[in-house]
Amino acid sequence: MSSSPDIELLKTALAENYSLGSVHSLTAANHPSLEARSNSNNLSCFRVETHRGSFWLKVHRAGKDDQRIRFEDRFQLSMFESDSRLVPELIQQLNGSTQLSLFGRQWKVESFVEAPHYCWWQPTWSTSYCEAAGKALFQFHSGSSQLAQELVRNIVSCVDHSCKEAEIRTDFATSLQPLGLKGFAVCKSALAFAAKKLFYQDSVGHDDAGPSPSDENLRSVIRACSRLLDASQSVFERVAAFEQIACLPRRTSEFVLAHGDYHPGNALLCADGRLVIVDFEHVHIEHWMFDVAYGLVMFGSGASEVVSSKERRQAFLGGYATLSETSLTGSNGHLLSDYEVVACALITGWLLESLPATQTVLSRILVTWTESLSSVQPGA
């Protein structure tokens, strides 16, 4: 947020609109899932101490569609009803609303989750944690299956009837649709932006000595991204064809409400052994394999001093497969490789937007992207 909100006004709003008891303190503090963001602002989240206990007060990002906010709330309430140990409780106001409008923004209150967080760019986590994360992801998909099938039916119905005012045409509905070529578009756009920024620095910021070594390294990274993107285009096209809305009716059971950004910063391991999943801003309809592939990249990229990347990947995949009882070899293995390429491109696009701060982790993701491409079956 651009300016500090009035703490006393926030405390008054909480006391008047929620059944939390008296508010003892309201402290600006990063939520565990927010600390891993290079552009996070500690004024986007507050720890609230009340007569009833501790809570999180979080503000939605500026410009988020109201319909999208309502969907995220509905999703979180549905998930908590399905499994109260898997997601934080979304606290409703006295009037039943889940959103508090204040200072021109939308706020929400969640139950407090006491847990250390892992920075996904610093792979220090254990194989047991990766296995637990894989199992939690399957539970997440299972818990959201009923809502997912309802949304898939609505989307198919809207398209079949070519409704002029169909919800599928809104920004909200677009945010729920499968990724298709989105990974390609995000990465291509971010590459162009990064290259333009470097060119601008060259034209106004260097003396006769020429570009700095760091800029040369950045150019090398951007060229590597460009080569990988070109080499991956056929994979994106294959995934896009697989995810066409027209194909949804015969594969409805395979599509879930995917988390969309499943990484160690969003999977909080509590002291009692629970793994709590947070941050639903990227939840969308997708084949379940996408989340598994994205998780493989995020939980498995890079080696630590204790655990290898391969061991963490195997643990994460094993955790999901144990509960799903689904084979991840054969045709499913080929699809997993395709989705891993898409996930690498999406992650790369986001990291490119924050260069040069993200250069180290970007280099690691590019290694994973290269390995994923090598396992893709041409024309699979």
# chains A, B, ... in the order shown; residues from 1 in each chain; ligands from 1
$ residues_around --residues "Phe55 of chain A" --least-positions-apart "5" --cutoff "10 Å" --atoms "only C-alpha atoms" --output "PDB file with N, CA and C atoms, in the first residue's frame"
ATOM      1  N   LEU A  20     -14.765 -10.898  17.366  1.00  0.00           N
ATOM      2  CA  LEU A  20     -13.422 -11.297  17.764  1.00  0.00           C
ATOM      3  C   LEU A  20     -13.126 -10.958  19.217  1.00  0.00           C
ATOM      4  N   LEU A  26      -2.610  -4.614  16.985  1.00  0.00           N
ATOM      5  CA  LEU A  26      -2.643  -4.781  15.530  1.00  0.00           C
ATOM      6  C   LEU A  26      -1.257  -4.387  15.036  1.00  0.00           C
ATOM      7  N   PHE A  46      -1.458  -7.781   8.624  1.00  0.00           N
ATOM      8  CA  PHE A  46      -1.312  -7.439  10.031  1.00  0.00           C
ATOM      9  C   PHE A  46      -1.609  -8.662  10.890  1.00  0.00           C
ATOM     10  N   ARG A  47      -0.869  -8.785  11.965  1.00  0.00           N
ATOM     11  CA  ARG A  47      -1.191  -9.793  12.968  1.00  0.00           C
ATOM     12  C   ARG A  47      -2.098  -9.127  14.008  1.00  0.00           C
ATOM     13  N   VAL A  48      -3.246  -9.753  14.243  1.00  0.00           N
ATOM     14  CA  VAL A  48      -4.254  -9.195  15.140  1.00  0.00           C
ATOM     15  C   VAL A  48      -4.337 -10.057  16.402  1.00  0.00           C
ATOM     16  N   GLU A  49      -4.157  -9.429  17.551  1.00  0.00           N
ATOM     17  CA  GLU A  49      -4.309 -10.124  18.832  1.00  0.00           C
ATOM     18  C   GLU A  49      -5.616  -9.672  19.471  1.00  0.00           C
ATOM     19  N   THR A  50      -6.493 -10.628  19.758  1.00  0.00           N
ATOM     20  CA  THR A  50      -7.802 -10.307  20.311  1.00  0.00           C
ATOM     21  C   THR A  50      -8.116 -11.200  21.507  1.00  0.00           C
ATOM     22  N   PRO A  88      -6.506 -22.170   6.142  1.00  0.00           N
ATOM     23  CA  PRO A  88      -6.921 -21.304   7.258  1.00  0.00           C
ATOM     24  C   PRO A  88      -8.425 -21.039   7.203  1.00  0.00           C
ATOM     25  N   GLU A  89      -9.012 -20.801   8.349  1.00  0.00           N
ATOM     26  CA  GLU A  89     -10.423 -20.443   8.385  1.00  0.00           C
ATOM     27  C   GLU A  89     -10.585 -18.982   7.971  1.00  0.00           C
ATOM     28  N   LEU A  90     -11.509 -18.732   7.054  1.00  0.00           N
ATOM     29  CA  LEU A  90     -11.851 -17.368   6.656  1.00  0.00           C
ATOM     30  C   LEU A  90     -12.946 -16.880   7.604  1.00  0.00           C
ATOM     31  N   ILE A  91     -12.666 -15.828   8.337  1.00  0.00           N
ATOM     32  CA  ILE A  91     -13.590 -15.356   9.362  1.00  0.00           C
ATOM     33  C   ILE A  91     -14.652 -14.457   8.740  1.00  0.00           C
ATOM     34  N   VAL A 109     -10.108 -11.403   7.058  1.00  0.00           N
ATOM     35  CA  VAL A 109      -9.528 -11.887   8.306  1.00  0.00           C
ATOM     36  C   VAL A 109      -9.469 -13.409   8.253  1.00  0.00           C
ATOM     37  N   GLU A 110      -8.302 -13.960   8.563  1.00  0.00           N
ATOM     38  CA  GLU A 110      -8.099 -15.411   8.575  1.00  0.00           C
ATOM     39  C   GLU A 110      -7.608 -15.857   9.941  1.00  0.00           C
ATOM     40  N   SER A 111      -7.829 -17.135  10.231  1.00  0.00           N
ATOM     41  CA  SER A 111      -7.258 -17.699  11.446  1.00  0.00           C
ATOM     42  C   SER A 111      -5.731 -17.656  11.355  1.00  0.00           C
ATOM     43  N   PHE A 112      -5.093 -17.476  12.472  1.00  0.00           N
ATOM     44  CA  PHE A 112      -3.638 -17.356  12.519  1.00  0.00           C
ATOM     45  C   PHE A 112      -2.996 -18.738  12.397  1.00  0.00           C
ATOM     46  N   VAL A 113      -1.974 -18.857  11.559  1.00  0.00           N
ATOM     47  CA  VAL A 113      -1.243 -20.115  11.391  1.00  0.00           C
ATOM     48  C   VAL A 113       0.180 -19.899  11.876  1.00  0.00           C
TER      49      VAL A 113
END
$ select_by_dssp --residues "segment 46-199 of chain A" --states "strand (DSSP E)" --output "ChimeraX atom specification"
/A:46-50,53-59,90-91,100-102,105-111
$ select_by_dssp --residues "segment 32-156 of chain A" --states "alpha helix (DSSP H)" --output "PDB file with C-alpha atoms, in the first residue's frame"
ATOM      1  CA  ASP A  66     -14.649  -8.097  -7.126  1.00  0.00           C
ATOM      2  CA  GLN A  67     -16.062 -11.253  -8.655  1.00  0.00           C
ATOM      3  CA  ARG A  68     -12.653 -12.891  -8.357  1.00  0.00           C
ATOM      4  CA  ILE A  69     -12.477 -11.897  -4.683  1.00  0.00           C
ATOM      5  CA  ARG A  70     -15.909 -13.435  -4.064  1.00  0.00           C
ATOM      6  CA  PHE A  71     -14.809 -16.622  -5.787  1.00  0.00           C
ATOM      7  CA  GLU A  72     -11.652 -16.887  -3.668  1.00  0.00           C
ATOM      8  CA  ASP A  73     -13.738 -16.436  -0.528  1.00  0.00           C
ATOM      9  CA  ARG A  74     -16.238 -19.058  -1.634  1.00  0.00           C
ATOM     10  CA  PHE A  75     -13.397 -21.403  -2.450  1.00  0.00           C
ATOM     11  CA  GLN A  76     -11.694 -20.940   0.926  1.00  0.00           C
ATOM     12  CA  LEU A  77     -14.957 -21.435   2.834  1.00  0.00           C
ATOM     13  CA  SER A  78     -15.694 -24.576   0.817  1.00  0.00           C
ATOM     14  CA  MET A  79     -12.203 -25.957   1.389  1.00  0.00           C
ATOM     15  CA  PHE A  80     -12.346 -25.281   5.133  1.00  0.00           C
ATOM     16  CA  GLU A  81     -15.691 -27.066   5.329  1.00  0.00           C
ATOM     17  CA  SER A  82     -14.178 -30.016   3.465  1.00  0.00           C
ATOM     18  CA  THR A 127      12.379 -34.944   1.834  1.00  0.00           C
ATOM     19  CA  SER A 128       9.795 -35.625   4.565  1.00  0.00           C
ATOM     20  CA  TYR A 129       8.466 -32.085   4.110  1.00  0.00           C
ATOM     21  CA  CYS A 130       8.321 -32.583   0.318  1.00  0.00           C
ATOM     22  CA  GLU A 131       6.398 -35.827   0.786  1.00  0.00           C
ATOM     23  CA  ALA A 132       3.948 -34.096   3.141  1.00  0.00           C
ATOM     24  CA  ALA A 133       3.515 -31.294   0.583  1.00  0.00           C
ATOM     25  CA  GLY A 134       2.728 -33.836  -2.145  1.00  0.00           C
ATOM     26  CA  LYS A 135       0.087 -35.499   0.025  1.00  0.00           C
ATOM     27  CA  ALA A 136      -1.433 -32.131   0.986  1.00  0.00           C
ATOM     28  CA  LEU A 137      -1.713 -31.163  -2.680  1.00  0.00           C
ATOM     29  CA  PHE A 138      -3.735 -34.298  -3.422  1.00  0.00           C
ATOM     30  CA  GLN A 139      -6.023 -33.511  -0.464  1.00  0.00           C
ATOM     31  CA  PHE A 140      -6.370 -29.970  -1.812  1.00  0.00           C
ATOM     32  CA  HIS A 141      -7.478 -31.285  -5.209  1.00  0.00           C
ATOM     33  CA  SER A 142      -9.876 -33.788  -3.621  1.00  0.00           C
ATOM     34  CA  GLY A 143     -11.407 -31.202  -1.320  1.00  0.00           C
ATOM     35  CA  SER A 145     -13.480 -31.430  -6.633  1.00  0.00           C
ATOM     36  CA  GLN A 146     -17.189 -30.703  -6.173  1.00  0.00           C
ATOM     37  CA  LEU A 147     -16.779 -26.951  -6.746  1.00  0.00           C
ATOM     38  CA  ALA A 148     -14.455 -27.639  -9.683  1.00  0.00           C
ATOM     39  CA  GLN A 149     -16.986 -29.867 -11.444  1.00  0.00           C
ATOM     40  CA  GLU A 150     -19.704 -27.247 -10.943  1.00  0.00           C
ATOM     41  CA  LEU A 151     -17.528 -24.552 -12.526  1.00  0.00           C
ATOM     42  CA  VAL A 152     -16.500 -26.810 -15.423  1.00  0.00           C
ATOM     43  CA  ARG A 153     -20.175 -27.560 -16.185  1.00  0.00           C
ATOM     44  CA  ASN A 154     -20.993 -23.839 -16.123  1.00  0.00           C
ATOM     45  CA  ILE A 155     -18.142 -23.010 -18.496  1.00  0.00           C
ATOM     46  CA  VAL A 156     -19.091 -25.773 -20.945  1.00  0.00           C
TER      47      VAL A 156
END
$ closest_residue --among "A:His259, A:Leu373, A:Gly273, A:Leu176" --to "Ser232 of chain A" --atoms "only C-alpha atoms"
A:Leu373
$ residues_around --residues "Asn266 of chain A" --least-positions-apart "2" --cutoff "8 Å" --atoms "only C-alpha atoms" --output "list in words"
Pro32, Ser33, Asp261, Tyr262, His263, Pro264, Leu268, Ile277, Val278 and Asp279 of chain A
$ residues_around --residues "Ala194 of chain A" --least-positions-apart "6" --cutoff "8 Å" --atoms "only C-alpha atoms" --output "list in words"
Ile222, Leu352, Glu353 and Leu355 of chain A
$ closest_residue --among "A:Leu86, A:Met289, A:Leu100, A:Val306" --to "Thr326 of chain A" --atoms "only C-alpha atoms"
A:Met289
$ residues_around --residues "Leu14 of chain A" --least-positions-apart "3" --cutoff "10 Å" --atoms "only C-alpha atoms" --output "list in words"
Glu8, Leu9, Leu10, Lys11, Asn17, Tyr18, Ser19, Leu20, Gly21, Ser22, Val23, Val48, Thr50, Leu57, Gln93, Leu100 and Val109 of chain A
$ closest_atom_pairs --of "segment 213-276 of chain A" --to "segment 332-345 of chain A" --cutoff "10 Å" --atoms "only C-alpha atoms" --output "Markdown table"
| residue | atom | partner | partner_atom | distance |
| --- | --- | --- | --- | --- |
| A:Cys225 | CA | A:Ala345 | CA | 8.6 |
| A:Leu228 | CA | A:Ala345 | CA | 8.7 |
| A:Leu229 | CA | A:Ala345 | CA | 7.3 |
| A:Ser232 | CA | A:Val341 | CA | 7.2 |
| A:Gln233 | CA | A:Val342 | CA | 9.6 |
| A:Ser234 | CA | A:Asp338 | CA | 9.7 |
| A:Val235 | CA | A:Asp338 | CA | 6.0 |
| A:Phe236 | CA | A:Val342 | CA | 6.6 |
| A:Arg238 | CA | A:Asp338 | CA | 8.2 |
| A:Val239 | CA | A:Asp338 | CA | 7.0 |
| A:Phe242 | CA | A:Leu335 | CA | 9.7 |
| A:Gly260 | CA | A:Ala343 | CA | 9.5 |
| A:Asp261 | CA | A:Ala343 | CA | 9.6 |
$ atom_distance --atom1 "atom CA of Pro378 of chain A" --atom2 "atom CA of Val221 of chain A"
25.4 Å
$ residues_around --residues "Arg312 of chain A" --least-positions-apart "4" --cutoff "10 Å" --atoms "only C-alpha atoms" --output "list of chain:residue names"
A:Pro123, A:Trp125, A:Ser126, A:Thr127, A:Ser128, A:Tyr129, A:Cys130, A:Glu131, A:Leu296, A:Phe299, A:Gly300, A:Ser301, A:Gly302, A:Ala303, A:Val307, A:Ser308, A:Phe316, A:Leu317, A:Gly318
$ write_last_selection --atoms "C-alpha atoms" --output "PDB file, in the first residue's frame"
ATOM      1  CA  PRO A 123      16.200 -25.132  -1.012  1.00  0.00           C
ATOM      2  CA  TRP A 125      13.706 -28.288   3.148  1.00  0.00           C
ATOM      3  CA  SER A 126      13.744 -32.034   3.841  1.00  0.00           C
ATOM      4  CA  THR A 127      12.379 -34.944   1.834  1.00  0.00           C
ATOM      5  CA  SER A 128       9.795 -35.625   4.565  1.00  0.00           C
ATOM      6  CA  TYR A 129       8.466 -32.085   4.110  1.00  0.00           C
ATOM      7  CA  CYS A 130       8.321 -32.583   0.318  1.00  0.00           C
ATOM      8  CA  GLU A 131       6.398 -35.827   0.786  1.00  0.00           C
ATOM      9  CA  LEU A 296       8.043 -30.514  -8.792  1.00  0.00           C
ATOM     10  CA  PHE A 299      10.076 -28.102  -4.387  1.00  0.00           C
ATOM     11  CA  GLY A 300      12.707 -29.896  -6.442  1.00  0.00           C
ATOM     12  CA  SER A 301      14.854 -27.289  -8.228  1.00  0.00           C
ATOM     13  CA  GLY A 302      18.371 -26.841  -6.887  1.00  0.00           C
ATOM     14  CA  ALA A 303      20.355 -28.970  -4.450  1.00  0.00           C
ATOM     15  CA  VAL A 307      19.369 -33.242   0.118  1.00  0.00           C
ATOM     16  CA  SER A 308      19.652 -33.531  -3.651  1.00  0.00           C
ATOM     17  CA  PHE A 316       7.059 -34.820  -3.528  1.00  0.00           C
ATOM     18  CA  LEU A 317       5.884 -37.003  -6.401  1.00  0.00           C
ATOM     19  CA  GLY A 318       5.696 -40.049  -4.132  1.00  0.00           C
TER      20      GLY A 318
END
$ residues_around --residues "Phe255 of chain A" --least-positions-apart "2" --cutoff "8 Å" --atoms "only C-alpha atoms" --output "number ranges by chain"
A: 148-149, 251-253, 257, 285-288
$ write_last_selection --atoms "C-alpha atoms" --output "PDB file, in the first residue's frame"
ATOM      1  CA  ALA A 148     -14.455 -27.639  -9.683  1.00  0.00           C
ATOM      2  CA  GLN A 149     -16.986 -29.867 -11.444  1.00  0.00           C
ATOM      3  CA  ARG A 251     -12.390 -35.294 -19.205  1.00  0.00           C
ATOM      4  CA  THR A 252     -14.317 -33.471 -16.491  1.00  0.00           C
ATOM      5  CA  SER A 253     -13.064 -35.716 -13.692  1.00  0.00           C
ATOM      6  CA  LEU A 257      -9.271 -26.304  -8.978  1.00  0.00           C
ATOM      7  CA  ILE A 285      -9.524 -24.756 -13.393  1.00  0.00           C
ATOM      8  CA  GLU A 286      -6.736 -26.982 -14.636  1.00  0.00           C
ATOM      9  CA  HIS A 287      -5.757 -30.598 -15.138  1.00  0.00           C
ATOM     10  CA  TRP A 288      -4.463 -31.886 -11.798  1.00  0.00           C
TER      11      TRP A 288
END
$ closest_residue --among "A:Gln106, A:Thr358, A:Thr322, A:Ser226" --to "Cys187 of chain A" --atoms "only C-alpha atoms"
A:Ser226
$ atom_distance --atom1 "atom CA of Glu281 of chain A" --atom2 "atom CA of Lys64 of chain A"
9.5 Å
